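Colleague: Structure in structure tokens, see below.
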Amino acid sequence: MSLARIKRHFDFVELRETPTKAFTKSFVLQVRPNDKGITRTGFTVSKKISKLAVVRNHLRRQMREIVRLSPDLQTKYPSHDVVLIARSEALNRDYAQLTKDFAYLLDHVHEEANDKQDND
RNA sequence: UCAGAUGGUCAGGCAAUCGCUGUGGGGCAACCCAUGGAGGAAAGUCCGGGCUUCGUAUGAGACACAAUACCGGAUAACGUCCGGGCGGGGUGACCCGAUGGACAGUGUCGCAGAAAACAAACCGCCCAGUUCGCUGGGUAAGGGUGAAACGGCGAGGUAAGAGCUCACCGCGCAGGCUGAGAGGCCUUGUGGCAGGACAAACCCUAUUGGAAGCAAGACCAAACAAGACGGCCGAUGCUUUUUGCAUUGUAAAAGGACAGUCUCAGGUCCGCCGGCGCUAGGUAGGUUGCUUGAGCGUAUCAGUAAUGAUAUUGCCAGACGAAUGAUUGCCCUAUGACAGAACCCGGCUUACAGGCCAUCUGACUUU
């Protein structure tokens with residue numbers, strides 16, 4: 001199974017503004033339906049996570065494998081854009097724990113719009 | 001055997017499963033097959049180039065600014081490298097040194113100390129005077145301070161002293177010999193000694209340097225926005241003339257703008273009016289620049305070496321939200337260090353677990 005990747009900066013910005021999200025200590029998951037008929041994925045590992053490029057590369061490669069080998073993504077979110085953002089806690093977890101975190105995220109995506117309006 | 005010095009080198013290995021990406025081939029296509037796929041520092045961006053653009057880019061000179069600084073060589077070039085000199089450190093192999101000039105000028109030298117620089121007298125020493133408290137003069141040999149006190153040491157000399165005089169050492173200048181040179185050497189001569197350190201303070205001397213960078217630059221080109229364009233006037237060239245065509249906004253005069261400043265030389269640019277959408281420019285985006293190179297490997301030859309010459313085989317990462325991997329198992333010296341190409345080379349600097357190889361030094365033991 002191959003992965004369709006999100007590469008344009010514009011697409012990442014659009015996803016950042018969508019309210020459909022899920023959180024764990026290691027990741028943030030953003031989901032948004034698209035009209036392309038396929039599920040596309042993107043990954044963000046910022047320099048806040050680590051200043052070393054080697055560390056960021058390794059984490060992003062692990063994230064990509066987790067998403068690629070996930071059995072539920074295509075069935076639960078067909079024709080969606082999905083972005084997985086790493087948080088600093090992800091560095092302290094091994095591959096098996098990160099896989100569980102991602103499975104949890106897929107079942108807990110929810111609308112945040114109402115909460116945000118109250119807070120803001 | 002132990003301790004150490006220098007140079008080089010490796011940067012966990014193997015297997016299975018599932019993936020990414022460049023190139024080539026096949027297929028209508030999905031895709032399949034073959035093959036290549038991070039480093040010694042890819043890092044810091046500190047120097048030197050190539051390449052690109054900026055106005056033609058080494059036009060000339062002066063000033064300013066910046067960098068470099070013993071000698072010879074290597075190199076495309078360098079602030080780099082190699083060899084040598086000098087000074088310092090180490091028992092030694094070796095290591096370290098921004099290593100020109102302080103009789104061009106200006107400046108600085110904390111604390112301590114009497115005094116820190118065309119000298120100077122705190123204690124002491126000597127002479128003279130004295131109201132016996134000291135006062136005046138001489139003196140850099142002695143004490144004390146300091147990183148540093150205006151040559152060292154001995155003798156003569158003297159009231160006590162002093163290069164005041166002399167021997168030796170040191171130093172300056174000259175000469176000779178030697179070396180390509182920095183420099184080195186001396187049964188040589190000469191000067192009684194010039195007068196501290198700092199140039200990583202300004203400075204002086206010599207040499208070198210235009211600026212910005214692949215987000216450079218070239219091409220295609222949505223959205224959007226408005227400017228191409230045409231005419232007039234003028235110039236140049238072609239045409240036998242009229243006419244027309246091409247290049248255009250130069251030309252006559254004066255002036256202005258243009259990459260540190262100024263001068264000289266040279267160059268580029270700077271006219272007016274109109275209406276129209278098929279066009280010009282250009283953002284997102286795409287293509288290109290983009291990897292064959294002062295390249296790497298191997299061999300031979302030249303050279304003490306840096307390096308050069310010749311031959312030969314292979315094409316040895318080219319991404320752009322950024323590939324080069326993920327997981328599992330086994331083995332080993334076992335939590336496998338530091339760490340991820342981004343236009344490309346040559347260096348420097350910094351980070352780095354643990355090995356391996358070569359040469360050399362010191363100590364000990366044995367033969």
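Letters A, B, ... go to the chains of the structure tokens in the order shown; residues in each chain start at 1; ligands are counted from 1 in the same order.
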Select residues of chain B: the criterion is any atom within 12 Å of an atom of chain A, counting only C-alpha atoms (C1' of nucleotides); output as a VMD selection string.
Modeller: chain B and resid 18 to 20 38 42 to 43 284 to 285 320 to 328 338 to 340
Colleague: Those residues you just picked out, can you put them in a file as a compact mmCIF listing (two decimals), in the first residue's frame with N, CA and C atoms (P, O5', C5', C4', C3', O3' and C1' of nucleotides)?
Modeller:
```
# COMPACT_ATOMS: atom_id res chain seq x y z
P C B 18 6.87 -8.75 1.55
O5' C B 18 6.58 -7.25 2.02
C5' C B 18 5.40 -6.94 2.75
C4' C B 18 5.47 -5.55 3.34
C3' C B 18 5.72 -4.43 2.32
O3' C B 18 4.54 -4.07 1.62
C1' C B 18 7.10 -4.11 4.22
P G B 19 4.66 -3.26 0.26
O5' G B 19 5.23 -1.87 0.80
C5' G B 19 5.95 -1.00 -0.05
C4' G B 19 6.40 0.19 0.76
C3' G B 19 7.12 1.26 -0.05
O3' G B 19 6.21 2.13 -0.67
C1' G B 19 8.38 0.75 1.88
P C B 20 6.50 2.72 -2.11
O5' C B 20 7.56 3.86 -1.80
C5' C B 20 7.22 4.95 -0.93
C4' C B 20 8.41 5.87 -0.74
C3' C B 20 9.06 6.35 -2.04
O3' C B 20 8.34 7.44 -2.60
C1' C B 20 10.72 5.65 -0.51
P A B 38 23.98 5.46 0.63
O5' A B 38 24.28 6.51 1.76
C5' A B 38 23.65 7.79 1.76
C4' A B 38 24.71 8.87 1.78
C3' A B 38 25.66 8.75 2.96
O3' A B 38 26.93 9.24 2.55
C1' A B 38 24.51 10.80 3.08
P A B 42 32.80 17.47 5.01
O5' A B 42 31.25 17.12 4.90
C5' A B 42 30.29 17.82 5.65
C4' A B 42 28.95 17.69 4.97
C3' A B 42 27.82 18.45 5.65
O3' A B 42 27.72 19.75 5.16
C1' A B 42 27.20 16.19 5.34
P A B 43 27.04 20.87 6.15
O5' A B 43 26.76 20.10 7.53
C5' A B 43 25.60 20.37 8.33
C4' A B 43 26.02 21.00 9.63
C3' A B 43 26.86 22.27 9.45
O3' A B 43 26.14 23.40 9.06
C1' A B 43 27.97 20.83 10.92
P A B 284 5.98 33.08 -6.37
O5' A B 284 4.63 32.26 -6.27
C5' A B 284 3.91 32.19 -5.02
C4' A B 284 2.66 31.36 -5.17
C3' A B 284 2.87 29.92 -5.62
O3' A B 284 3.30 29.07 -4.57
C1' A B 284 1.08 30.87 -6.82
P G B 285 4.55 28.09 -4.81
O5' G B 285 4.12 27.25 -6.09
C5' G B 285 3.08 26.28 -6.01
C4' G B 285 2.70 25.79 -7.39
C3' G B 285 3.82 25.17 -8.21
O3' G B 285 4.08 23.83 -7.84
C1' G B 285 2.64 26.70 -9.55
P C B 320 11.24 16.00 -4.93
O5' C B 320 11.43 17.33 -4.08
C5' C B 320 11.10 17.36 -2.68
C4' C B 320 11.33 18.74 -2.10
C3' C B 320 10.35 19.81 -2.57
O3' C B 320 10.07 20.68 -1.48
C1' C B 320 12.54 20.48 -3.07
P G B 321 8.57 20.92 -1.07
O5' G B 321 8.26 19.69 -0.11
C5' G B 321 9.20 19.31 0.89
C4' G B 321 8.49 18.74 2.09
C3' G B 321 7.29 17.88 1.76
O3' G B 321 7.29 16.73 2.59
C1' G B 321 6.71 19.55 3.31
P A B 322 7.61 15.33 1.96
O5' A B 322 9.05 15.54 1.32
C5' A B 322 10.20 15.33 2.10
C4' A B 322 11.43 15.67 1.28
C3' A B 322 12.75 15.40 1.99
O3' A B 322 13.15 14.05 1.81
C1' A B 322 12.75 17.58 1.08
P A B 323 13.51 13.13 3.03
O5' A B 323 13.53 11.70 2.33
C5' A B 323 12.30 11.10 1.88
C4' A B 323 12.60 10.07 0.82
C3' A B 323 13.75 9.13 1.16
O3' A B 323 13.27 8.00 1.87
C1' A B 323 14.11 10.06 -0.98
P U B 324 13.84 7.71 3.34
O5' U B 324 15.30 7.15 3.05
C5' U B 324 15.48 5.94 2.34
C4' U B 324 16.89 5.86 1.79
C3' U B 324 17.98 6.01 2.83
O3' U B 324 18.25 4.76 3.45
C1' U B 324 18.45 7.38 0.95
P G B 325 19.07 4.60 4.78
O5' G B 325 17.97 4.43 5.93
C5' G B 325 17.30 5.55 6.48
C4' G B 325 15.81 5.33 6.49
C3' G B 325 15.30 4.32 7.51
O3' G B 325 15.23 4.87 8.81
C1' G B 325 14.22 3.98 5.44
P A B 326 15.34 3.95 10.10
O5' A B 326 13.92 3.23 10.16
C5' A B 326 12.74 3.96 10.50
C4' A B 326 11.53 3.05 10.51
C3' A B 326 11.68 1.82 11.40
O3' A B 326 11.36 2.12 12.75
C1' A B 326 10.88 1.18 9.28
P U B 327 12.12 1.37 13.93
O5' U B 327 11.45 -0.08 13.89
C5' U B 327 10.06 -0.24 14.19
C4' U B 327 9.60 -1.63 13.82
C3' U B 327 10.38 -2.77 14.44
O3' U B 327 9.97 -3.02 15.78
C1' U B 327 10.06 -3.20 12.14
P U B 328 11.04 -3.57 16.85
O5' U B 328 11.24 -5.08 16.40
C5' U B 328 10.17 -6.01 16.51
C4' U B 328 10.50 -7.29 15.78
C3' U B 328 11.76 -8.01 16.22
O3' U B 328 11.57 -8.74 17.43
C1' U B 328 11.67 -7.97 13.86
P C B 338 26.20 10.88 20.65
O5' C B 338 26.89 11.97 19.71
C5' C B 338 27.97 12.75 20.18
C4' C B 338 28.70 13.38 19.01
C3' C B 338 27.83 14.15 18.04
O3' C B 338 27.58 15.47 18.51
C1' C B 338 29.33 12.75 16.84
P A B 339 26.07 16.05 18.43
O5' A B 339 25.99 16.45 16.91
C5' A B 339 24.93 16.00 16.08
C4' A B 339 25.51 15.53 14.76
C3' A B 339 24.51 15.52 13.60
O3' A B 339 24.47 16.80 12.99
C1' A B 339 25.72 13.48 13.66
P G B 340 23.03 17.44 12.46
O5' G B 340 23.05 17.03 10.92
C5' G B 340 22.53 15.81 10.50
C4' G B 340 22.80 15.63 9.02
C3' G B 340 21.83 16.41 8.12
O3' G B 340 22.51 16.82 6.96
C1' G B 340 21.58 14.07 7.78
```
Colleague: Could you go through chain A and tell me which residues DSSP, when run on the backbone, assigns to alpha helix (DSSP H), listing them as number ranges by chain?
Modeller: A: 9-17, 53-68, 73-76, 95-106, 113-119
Colleague: Can those selected residues be exported to a file as a tab-separated table (two decimals), in the first residue's frame so that it contains C-alpha atoms?
Modeller:
```tsv
chain	number	residue	atom	x	y	z
A	9	HIS	CA	2.18	24.59	2.03
A	10	PHE	CA	-1.35	25.80	1.16
A	11	ASP	CA	-2.89	22.43	2.12
A	12	PHE	CA	-1.17	22.45	5.52
A	13	VAL	CA	-2.49	25.93	6.25
A	14	GLU	CA	-6.05	24.87	5.39
A	15	LEU	CA	-5.82	21.89	7.71
A	16	ARG	CA	-4.52	24.02	10.52
A	17	GLU	CA	-7.77	26.03	10.38
A	53	ALA	CA	17.99	17.03	11.90
A	54	VAL	CA	18.88	13.38	12.49
A	55	VAL	CA	16.41	13.13	15.37
A	56	ARG	CA	13.62	14.83	13.39
A	57	ASN	CA	14.22	12.62	10.35
A	58	HIS	CA	14.06	9.45	12.44
A	59	LEU	CA	10.81	10.46	14.14
A	60	ARG	CA	9.17	11.43	10.84
A	61	ARG	CA	10.15	8.10	9.28
A	62	GLN	CA	8.64	6.23	12.20
A	63	MET	CA	5.44	8.28	11.91
A	64	ARG	CA	5.24	7.56	8.21
A	65	GLU	CA	5.56	3.81	8.79
A	66	ILE	CA	2.92	3.86	11.50
A	67	VAL	CA	0.43	5.60	9.24
A	68	ARG	CA	1.32	3.48	6.21
A	73	LEU	CA	-7.07	4.80	8.25
A	74	GLN	CA	-8.44	4.13	4.77
A	75	THR	CA	-11.68	2.57	6.03
A	76	LYS	CA	-12.40	5.23	8.66
A	95	TYR	CA	7.62	2.41	18.18
A	96	ALA	CA	4.99	0.13	19.78
A	97	GLN	CA	3.70	2.90	22.07
A	98	LEU	CA	3.49	5.36	19.19
A	99	THR	CA	1.45	2.84	17.20
A	100	LYS	CA	-1.07	2.57	20.05
A	101	ASP	CA	-1.25	6.35	20.28
A	102	PHE	CA	-2.12	6.64	16.61
A	103	ALA	CA	-4.84	3.93	16.86
A	104	TYR	CA	-6.33	5.85	19.78
A	105	LEU	CA	-6.35	9.08	17.75
A	106	LEU	CA	-8.32	7.53	14.90
A	113	ALA	CA	-15.36	24.53	17.13
A	114	ASN	CA	-17.85	25.05	19.97
A	115	ASP	CA	-15.24	24.81	22.70
A	116	LYS	CA	-13.01	27.23	20.90
A	117	GLN	CA	-15.72	29.84	20.51
A	118	ASP	CA	-16.40	29.66	24.25
A	119	ASN	CA	-12.77	30.04	25.13
```
Colleague: Any idea what's packed within 10 Å of A117 in chain B, counting only C-alpha atoms (C1' of nucleotides), ignoring anything in its chain fewer than 3 positions away? Could you give it as a PyMOL selection string?
Modeller: chain B and resi 120+150+196
Colleague: Mind writing the picked residues with N, CA and C atoms (P, O5', C5', C4', C3', O3' and C1' of nucleotides) as a CSV table (one decimal), in the first residue's frame?
Modeller:
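So the final result, stored in selection_13.csv, reads:
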```csv
chain,number,residue,atom,x,y,z
B,120,A,P,67.3,63.3,37.4
B,120,A,O5',66.6,62.3,38.5
B,120,A,C5',65.4,62.6,39.1
B,120,A,C4',64.8,61.5,39.9
B,120,A,C3',65.6,61.1,41.1
B,120,A,O3',65.3,61.9,42.2
B,120,A,C1',65.2,59.2,39.9
B,150,C,P,68.8,48.2,36.1
B,150,C,O5',68.8,49.0,34.7
B,150,C,C5',69.3,48.4,33.5
B,150,C,C4',69.8,49.5,32.6
B,150,C,C3',70.9,50.3,33.2
B,150,C,O3',71.9,50.6,32.2
B,150,C,C1',69.1,51.7,32.5
B,196,G,P,65.4,51.3,25.9
B,196,G,O5',64.8,49.9,26.4
B,196,G,C5',65.5,49.1,27.2
B,196,G,C4',64.6,48.2,28.1
B,196,G,C3',63.4,47.7,27.4
B,196,G,O3',63.6,46.6,26.6
B,196,G,C1',62.8,48.6,29.5
```
Colleague: Please identify the strand (DSSP E or B) residues within chain A (assignment by DSSP from backbone atoms) and present them as an MDAnalysis selection string.
Modeller: chainID A and resid 4:5 20:23 27:33 40:44 80:86 110:111
Colleague: One decimal, in Å: what's the spacing between C1' of G36 in chain B and C1' of C345 in chain B?
Modeller: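 One can read the C1' of G36 in chain B to C1' of C345 in chain B distance as 22.6 Å.
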Colleague: For His110 in chain A, find every residue with an atom within 8 Å (counting only C-alpha atoms (C1' of nucleotides)), except residues of its own chain fewer than 3 positions away, and show them as a list in words.
Modeller: Thr20, Lys21 and Ala22 of chain A
Colleague: Just how far from C1' of G260 in chain B is C1' of G59 in chain B, in Å to one decimal?
Modeller: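 We find that C1' of G59 in chain B and C1' of G260 in chain B lie 19.0 Å from each other.
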Colleague: Which distance in Å separates C1' of G176 in chain B and C1' of G100 in chain B, to one decimal?
Modeller: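 The value is 28.0 Å.
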Colleague: As number ranges by chain, please: the residues near G172 in chain B (cut-off 12 Å, only C-alpha atoms (C1' of nucleotides), same-chain neighbours under 2 positions excluded).
Modeller: B: 170, 174, 190-195
Colleague: Which residues, written as an NGL selection string, have at least one atom at most 12 Å from C360 in chain B, with only C-alpha atoms (C1' of nucleotides) counted and residues fewer than 6 positions away on the same chain left out?
Modeller: :B and (4-7 or 92-94)
